[in-house]
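Data block below; observations after.
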There are 2 protein chains.
Amino acid sequence: VADWGTSSFRLWLFDQKGAAIAERRSGEGMLSAGPDRFSAILERHLADMGVPDDLPVMICGMAGARQGWIEAPYVAVPAALGEILDGAVSVRGIARRVLIVPGLAQRREDAPDVMRGEETQLAGISGLLGSGSRLVCMPGTHSKWVETSNGTVAGFRTWLTGELFSVLSKQSILRHSIGDAPAPIDAGSAAFRNACETALKGEGDIGGALFPIRAAGLLHGLGSDDAAARLSGLLIGAEIASATRRFGQPEKPIILVASGAVGELYAAALGLAGHAVERIDGEEAVRAGLVEAARRHGMTQGVRS
Amino acid sequence: VADWGTSSFRLWLFDQKGAAIAERRSGEGMLSAGPDRFSAILERHLADMGVPDDLPVMICGMAGARQGWIEAPYVAVPAALGEILDGAVSVRGIARRVLIVPGLAQRREDAPDVMRGEETQLAGISGLLGSGSRLVCMPGTHSKWVETSNGTVAGFRTWLTGELFSVLSKQSILRHSIGDAPAPIDAGSAAFRNACETALKGEGDIGGALFPIRAAGLLHGLGSDDAAARLSGLLIGAEIASATRRFGQPEKPIILVASGAVGELYAAALGLAGHAVERIDGEEAVRAGLVEAARRHGMTQGVRS
């Protein structure tokens with residue numbers, strides 16, 4: 001099974017019982033693969049793992065986009081998680097059996113939105129989502145907030161938080177304050193937490209708080225690590241304030257699907273916003289979703305997926 | 001007199017009566033000039049204009065920054081407009097008399113901010129600002145909103161609106177929707193006006209409205225011109241909502257200091273926000289401020305400035 005995103009590629013080999021027995025990671029995402037090289041990249045990694053030719057592969061992510069390997073057309077919301085997985089599309093013209101999970105589209109005129117990859121993570125936590133309504137926060141380059149109802153994706157929204165951090169810290173005037181290599185951001189730092197609170201208090205209106213990061217460097221000697229932490233806190237706090245404005249305060253804890261450092265930052269920020277949080281590892285979620293998709297397509301019988 | 005900014009250089013020749021008799025414009029801003037080439041660039045343009053060696057020159061803008069020609073240290077607010085001009089700093093070690101107007105710094109810990117160039121525009125409209133309190137909107141790469149009281153700059157704030165438009169339309173995923181060369185944005189277009197109203201209604205919280213520009217392209221065929229207009233409307237609307245949150249609704253009309261197309265967009269957006277507006281041409285304002293600075297430093301006696 002593989003999660004093939006815009007800028008990364010992760011491949012896991014599972015045994016018939018659903019236990020991961022090997023993995024490969026690379027930066028050969030959709031952008032660097034280009035339309036012609038998906039098959040060659042996949043086969044090279046599988047060969048390096050000693051995988052036989054008849055082992056089928058289940059893929060999710062941007063490999064199913066129009067600019068990807070083959071287009072796996074969007075499924076419209078509301079959509080049941082099991083049906084999304086059932087709709088995985090076969091890659092034609094190659095020897096190996098390869099399926100790609102479709103993404104989701106929200107076609108509402110007032111809130112058009114799309115996702116590819118997160119639907120598989122959601123399917124991987126379907127046990128949690130099975131009954132009642134839940135709000136799921138899935139941080140990333142393009143953070144998704146998803147409302148589910150009895151195992152169905154009811155609707156979702158995207159915030160550009162990770163991408164905004166990247167372009168503002170590297171391409172805007174704030175690059176002079178943040179520099180090339182700020183330290184990893186500490187979720188417990190005053191700079192991060194104060195900036196979160198500023199954004200929450202401003203209800204997501206952070207436009208007037210960005211330039212002061214630069215001015216604080218010029219006038220008050222704000223260092224690059226604190227500048228990065230402040231930008232991150234503003235953007236994550238604004239996302240949470242904005243999402244809370246849209247979705248309200250859910251009855252049950254918000255499910256936070258994230259891995260590593262990003263998970264720490266969001267957990268801290270959600271706490272500052274007064275949200276109870278249930279944390280799920282993002283990589284475990286996507287693997288579980290892919291294995292479930294493979295099972296639904298009969299890939300786990302006779303061969304390993 | 002010259003307005004020497006980050007990315008542009010504008011030079012005007014005035015006669016003794018304060019009438020402009022020639023001008024030069026170039027892209028040789030602070031960034032491309034570098035610390036060593038300011039004098040050479042200025043002298044080349046003056047020679048091309050046939051200006052004698054003893055004609056003094058008054059400059060405002062980023063040429064006075066630490067990374068500029070020489071540093072003209074910030075004047076702290078509150079600051080009287082006349083005193084700011086009186087503080088223009090002489091460039092040493094060159095034959096010609098050249099002075100640079102200082103920028104302004106707001107040193108408040110909770111709202112640090114700086115400007116260079118806009119203080120000269122403000123001085124250029126000091127007649128308007130002479131009595132009572134006024135709120136001035138100065139759009140640009142880094143938009144400034146300034147509160148003045150009886151000819152004194154009381155405080156100000158910066159929004160990164162122009163820079164956000166640039167980095168989001170060129171460096172983020174929205175570049176796929178906006179393309180390389182969107183048409184000039186029409187202040188009367190539905191795309192611009194609707195986006196303004198979305199941002200105003202959201203009180204500056206536009207984080208959740210950015211990705212839908214991309215999704216509307218994928219799902220509903222939104223064109224690149226409308227995508228650009230929508231991004232511009234969101235960012236300008238958010239700036240106005242955010243500034244209104246900080247400064248409240250002023251008693252007198254907001255003074256809009258801007259030129260050309262940007263002025264049209266802000267005038268339309270301020271109207272949608274319910275603000276009365278008094279428009280001033282930004283270039284006329286900076287020229288008037290520079291001529292007043294030159295007059296205060298005795299540059300207009302005997303030679304032309």
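Residue names in the structure tokens use chain letters A, B, ... in the order shown, residue numbers from 1 in each chain, and ligand numbers from 1 in the order shown.
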
Give me the region 77-184 of chain A side of the contact with region 139-151 of chain B, cut-off 12 Å, one line per residue showing its nearest atom pair and distance in Å at one decimal, counting only C-alpha atoms, sorted by chain and residue number, as JSON lines.
```
{"residue": "A:Ser172", "atom": "CA", "partner": "B:Thr141", "partner_atom": "CA", "distance": 10.4}
{"residue": "A:Ile173", "atom": "CA", "partner": "B:His142", "partner_atom": "CA", "distance": 9.6}
{"residue": "A:Leu174", "atom": "CA", "partner": "B:His142", "partner_atom": "CA", "distance": 11.8}
```

Would you kindly return, as an mmCIF file with N, CA and C atoms, in the first residue's frame, each protein, DNA or RNA residue with an atom no farther than 8 Å from any atom of region 25-29 of chain B, considering only C-alpha atoms and excluding same-chain residues fewer than 6 positions away?
```cif
data_model
loop_
_atom_site.group_PDB
_atom_site.id
_atom_site.type_symbol
_atom_site.label_atom_id
_atom_site.label_comp_id
_atom_site.auth_asym_id
_atom_site.auth_seq_id
_atom_site.Cartn_x
_atom_site.Cartn_y
_atom_site.Cartn_z
ATOM 1 N N TRP B 4 12.744 56.969 -3.058
ATOM 2 C CA TRP B 4 13.624 55.839 -3.360
ATOM 3 C C TRP B 4 13.186 54.657 -2.493
ATOM 4 N N GLY B 5 12.376 53.779 -3.085
ATOM 5 C CA GLY B 5 11.781 52.688 -2.326
ATOM 6 C C GLY B 5 12.545 51.390 -2.471
ATOM 7 N N THR B 6 11.906 50.312 -1.998
ATOM 8 C CA THR B 6 12.528 48.995 -2.019
ATOM 9 C C THR B 6 12.807 48.550 -3.451
ATOM 10 N N SER B 7 11.854 48.802 -4.342
ATOM 11 C CA SER B 7 11.983 48.254 -5.684
ATOM 12 C C SER B 7 11.828 49.298 -6.786
ATOM 13 N N SER B 8 11.707 50.571 -6.415
ATOM 14 C CA SER B 8 11.578 51.588 -7.461
ATOM 15 C C SER B 8 12.249 52.889 -7.046
ATOM 16 N N PHE B 9 12.526 53.698 -8.027
ATOM 17 C CA PHE B 9 13.221 54.964 -7.839
ATOM 18 C C PHE B 9 12.503 55.991 -8.706
ATOM 19 N N ARG B 10 12.054 57.088 -8.093
ATOM 20 C CA ARG B 10 11.382 58.142 -8.845
ATOM 21 C C ARG B 10 12.015 59.477 -8.487
ATOM 22 N N LEU B 11 12.373 60.223 -9.495
ATOM 23 C CA LEU B 11 13.099 61.476 -9.289
ATOM 24 C C LEU B 11 12.349 62.596 -9.993
ATOM 25 N N ILE B 41 23.910 55.890 -9.157
ATOM 26 C CA ILE B 41 22.595 55.870 -9.819
ATOM 27 C C ILE B 41 21.985 57.268 -9.833
#
```

| field | Contacts of Ala187 (chain B) at 10 Å (only C-alpha atoms; same-chain gap of 4+ positions) as a ChimeraX atom specification | value | /B:191-193,229,232-233,261-269

| said: Which of region 39-196 of chain B end up as alpha helix (DSSP H) when DSSP is run on this backbone - answer as a PyMOL selection string? | reply: chain B and resi 39-48+81-86+118-124+126-129+161-171+175-178+190-196

Could you write out the selected residues, including C-alpha atoms, as a tab-separated table (two decimals), in the first residue's frame?
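Wrote it out as result-v4.tsv, contents follow:
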```
chain	number	residue	atom	x	y	z
B	39	SER	CA	25.33	57.81	-5.46
B	40	ALA	CA	26.24	56.55	-8.93
B	41	ILE	CA	22.59	55.87	-9.82
B	42	LEU	CA	21.46	59.27	-8.58
B	43	GLU	CA	24.25	61.14	-10.37
B	44	ARG	CA	23.59	59.32	-13.65
B	45	HIS	CA	19.92	60.28	-13.60
B	46	LEU	CA	20.73	63.88	-12.62
B	47	ALA	CA	23.32	64.12	-15.41
B	48	ASP	CA	20.78	62.78	-17.90
B	81	LEU	CA	4.88	66.03	10.61
B	82	GLY	CA	7.01	69.17	10.41
B	83	GLU	CA	9.54	67.81	12.89
B	84	ILE	CA	9.91	64.61	10.91
B	85	LEU	CA	10.91	66.60	7.84
B	86	ASP	CA	13.24	68.78	9.91
B	118	GLU	CA	4.58	57.24	3.93
B	119	GLU	CA	5.59	59.87	6.53
B	120	THR	CA	6.55	62.11	3.60
B	121	GLN	CA	3.19	61.51	1.91
B	122	LEU	CA	1.52	62.46	5.20
B	123	ALA	CA	3.59	65.63	5.37
B	124	GLY	CA	2.47	66.34	1.82
B	126	SER	CA	-0.54	68.20	6.19
B	127	GLY	CA	-3.11	70.78	5.16
B	128	LEU	CA	-5.80	68.12	5.41
B	129	LEU	CA	-4.43	66.74	8.66
B	161	THR	CA	-1.89	43.02	1.70
B	162	GLY	CA	0.07	43.72	-1.48
B	163	GLU	CA	2.79	41.27	-0.57
B	164	LEU	CA	0.26	38.56	0.35
B	165	PHE	CA	-1.37	38.98	-3.06
B	166	SER	CA	1.99	38.63	-4.72
B	167	VAL	CA	3.24	35.56	-2.83
B	168	LEU	CA	-0.12	33.78	-2.85
B	169	SER	CA	-0.74	34.37	-6.54
B	170	LYS	CA	2.80	33.44	-7.57
B	171	GLN	CA	4.13	30.99	-4.97
B	175	ARG	CA	-0.87	30.12	-8.78
B	176	HIS	CA	-2.51	27.21	-10.64
B	177	SER	CA	-5.80	29.13	-10.54
B	178	ILE	CA	-4.48	32.62	-11.19
B	190	ALA	CA	-18.78	40.75	-9.11
B	191	ALA	CA	-15.78	38.55	-8.28
B	192	PHE	CA	-13.97	41.42	-6.54
B	193	ARG	CA	-17.01	42.84	-4.79
B	194	ASN	CA	-18.38	39.51	-3.57
B	195	ALA	CA	-14.99	38.56	-2.17
B	196	CYS	CA	-14.73	41.91	-0.40
```

Each residue of chain B lying at most 6 Å from chain A should get a row with its shortest atom-to-atom pair and the distance in Å to one decimal, counting only C-alpha atoms; could you produce that, ordered by chain and increasing number, as a tab-separated table?
```
residue	atom	partner	partner_atom	distance
B:Pro112	CA	A:Pro212	CA	5.4
B:Asp113	CA	A:Ala215	CA	5.0
B:Trp159	CA	A:Gly208	CA	5.1
B:Gly204	CA	A:Asp205	CA	4.8
B:Asp205	CA	A:Asp205	CA	4.6
B:Gly207	CA	A:Trp159	CA	5.7
B:Gly208	CA	A:Trp159	CA	5.1
B:Pro212	CA	A:Pro112	CA	5.4
B:Ala215	CA	A:Asp113	CA	5.0
B:Ala216	CA	A:Pro112	CA	5.6
```

Would you write out those residues with N, CA and C atoms, as a PDB file, in the first residue's frame?
```
ATOM      1  N   PRO B 112       4.501  46.843  17.657  1.00  0.00           N
ATOM      2  CA  PRO B 112       5.660  47.469  17.028  1.00  0.00           C
ATOM      3  C   PRO B 112       5.412  47.647  15.536  1.00  0.00           C
ATOM      4  N   ASP B 113       5.878  48.755  14.999  1.00  0.00           N
ATOM      5  CA  ASP B 113       5.647  48.988  13.574  1.00  0.00           C
ATOM      6  C   ASP B 113       6.632  50.042  13.084  1.00  0.00           C
ATOM      7  N   TRP B 159      -0.528  46.343   7.228  1.00  0.00           N
ATOM      8  CA  TRP B 159      -1.053  45.074   6.715  1.00  0.00           C
ATOM      9  C   TRP B 159      -0.241  44.676   5.484  1.00  0.00           C
ATOM     10  N   GLY B 204     -12.470  39.897   8.704  1.00  0.00           N
ATOM     11  CA  GLY B 204     -11.035  39.763   8.461  1.00  0.00           C
ATOM     12  C   GLY B 204     -10.537  38.337   8.510  1.00  0.00           C
ATOM     13  N   ASP B 205     -11.391  37.402   8.903  1.00  0.00           N
ATOM     14  CA  ASP B 205     -11.011  35.989   8.945  1.00  0.00           C
ATOM     15  C   ASP B 205     -11.234  35.390   7.551  1.00  0.00           C
ATOM     16  N   GLY B 207      -8.990  32.953   6.240  1.00  0.00           N
ATOM     17  CA  GLY B 207      -8.189  31.726   6.098  1.00  0.00           C
ATOM     18  C   GLY B 207      -8.927  30.618   5.374  1.00  0.00           C
ATOM     19  N   GLY B 208     -10.218  30.475   5.659  1.00  0.00           N
ATOM     20  CA  GLY B 208     -10.987  29.392   5.058  1.00  0.00           C
ATOM     21  C   GLY B 208     -11.512  29.715   3.670  1.00  0.00           C
ATOM     22  N   PRO B 212     -10.752  27.624  -1.358  1.00  0.00           N
ATOM     23  CA  PRO B 212     -11.909  27.536  -2.264  1.00  0.00           C
ATOM     24  C   PRO B 212     -11.693  28.232  -3.614  1.00  0.00           C
ATOM     25  N   ALA B 215     -10.337  25.371  -5.428  1.00  0.00           N
ATOM     26  CA  ALA B 215     -11.359  24.329  -5.599  1.00  0.00           C
ATOM     27  C   ALA B 215     -12.429  24.777  -6.596  1.00  0.00           C
ATOM     28  N   ALA B 216     -12.758  26.065  -6.607  1.00  0.00           N
ATOM     29  CA  ALA B 216     -13.760  26.566  -7.557  1.00  0.00           C
ATOM     30  C   ALA B 216     -13.236  26.452  -8.978  1.00  0.00           C
TER      31      ALA B 216
END
```

| task | Choose the residue, out of A:Pro182, A:Met30, A:Leu290, A:Gly298, that has the smallest atom-to-atom separation from Leu13 (chain A); count only C-alpha atoms. | result |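 Closest to Leu13 (chain A), using only C-alpha atoms: A:Leu290.
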
| request: Tell me, in Å to one decimal, how far CA of Gln249 (chain A) is from CA of Ala288 (chain A). | output: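 CA of Ala288 (chain A) lies at a distance of 28.1 Å from CA of Gln249 (chain A).
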
| said: My list of candidates is A:Gly155, A:Ile125, A:Ser32, A:Ala181. Which is closest to Ile255 (chain A) when distances are computed with only C-alpha atoms? | reply: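 The shortest atom-to-atom distance to Ile255 (chain A) comes from A:Ile125.
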
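Close contacts of His275 (chain A), defined as residues with an atom at most 8 Å away when counting only C-alpha atoms, with chain neighbours fewer than 5 positions off set aside, comprise Gln249, Pro253, Ile254 and Leu270 of chain A.
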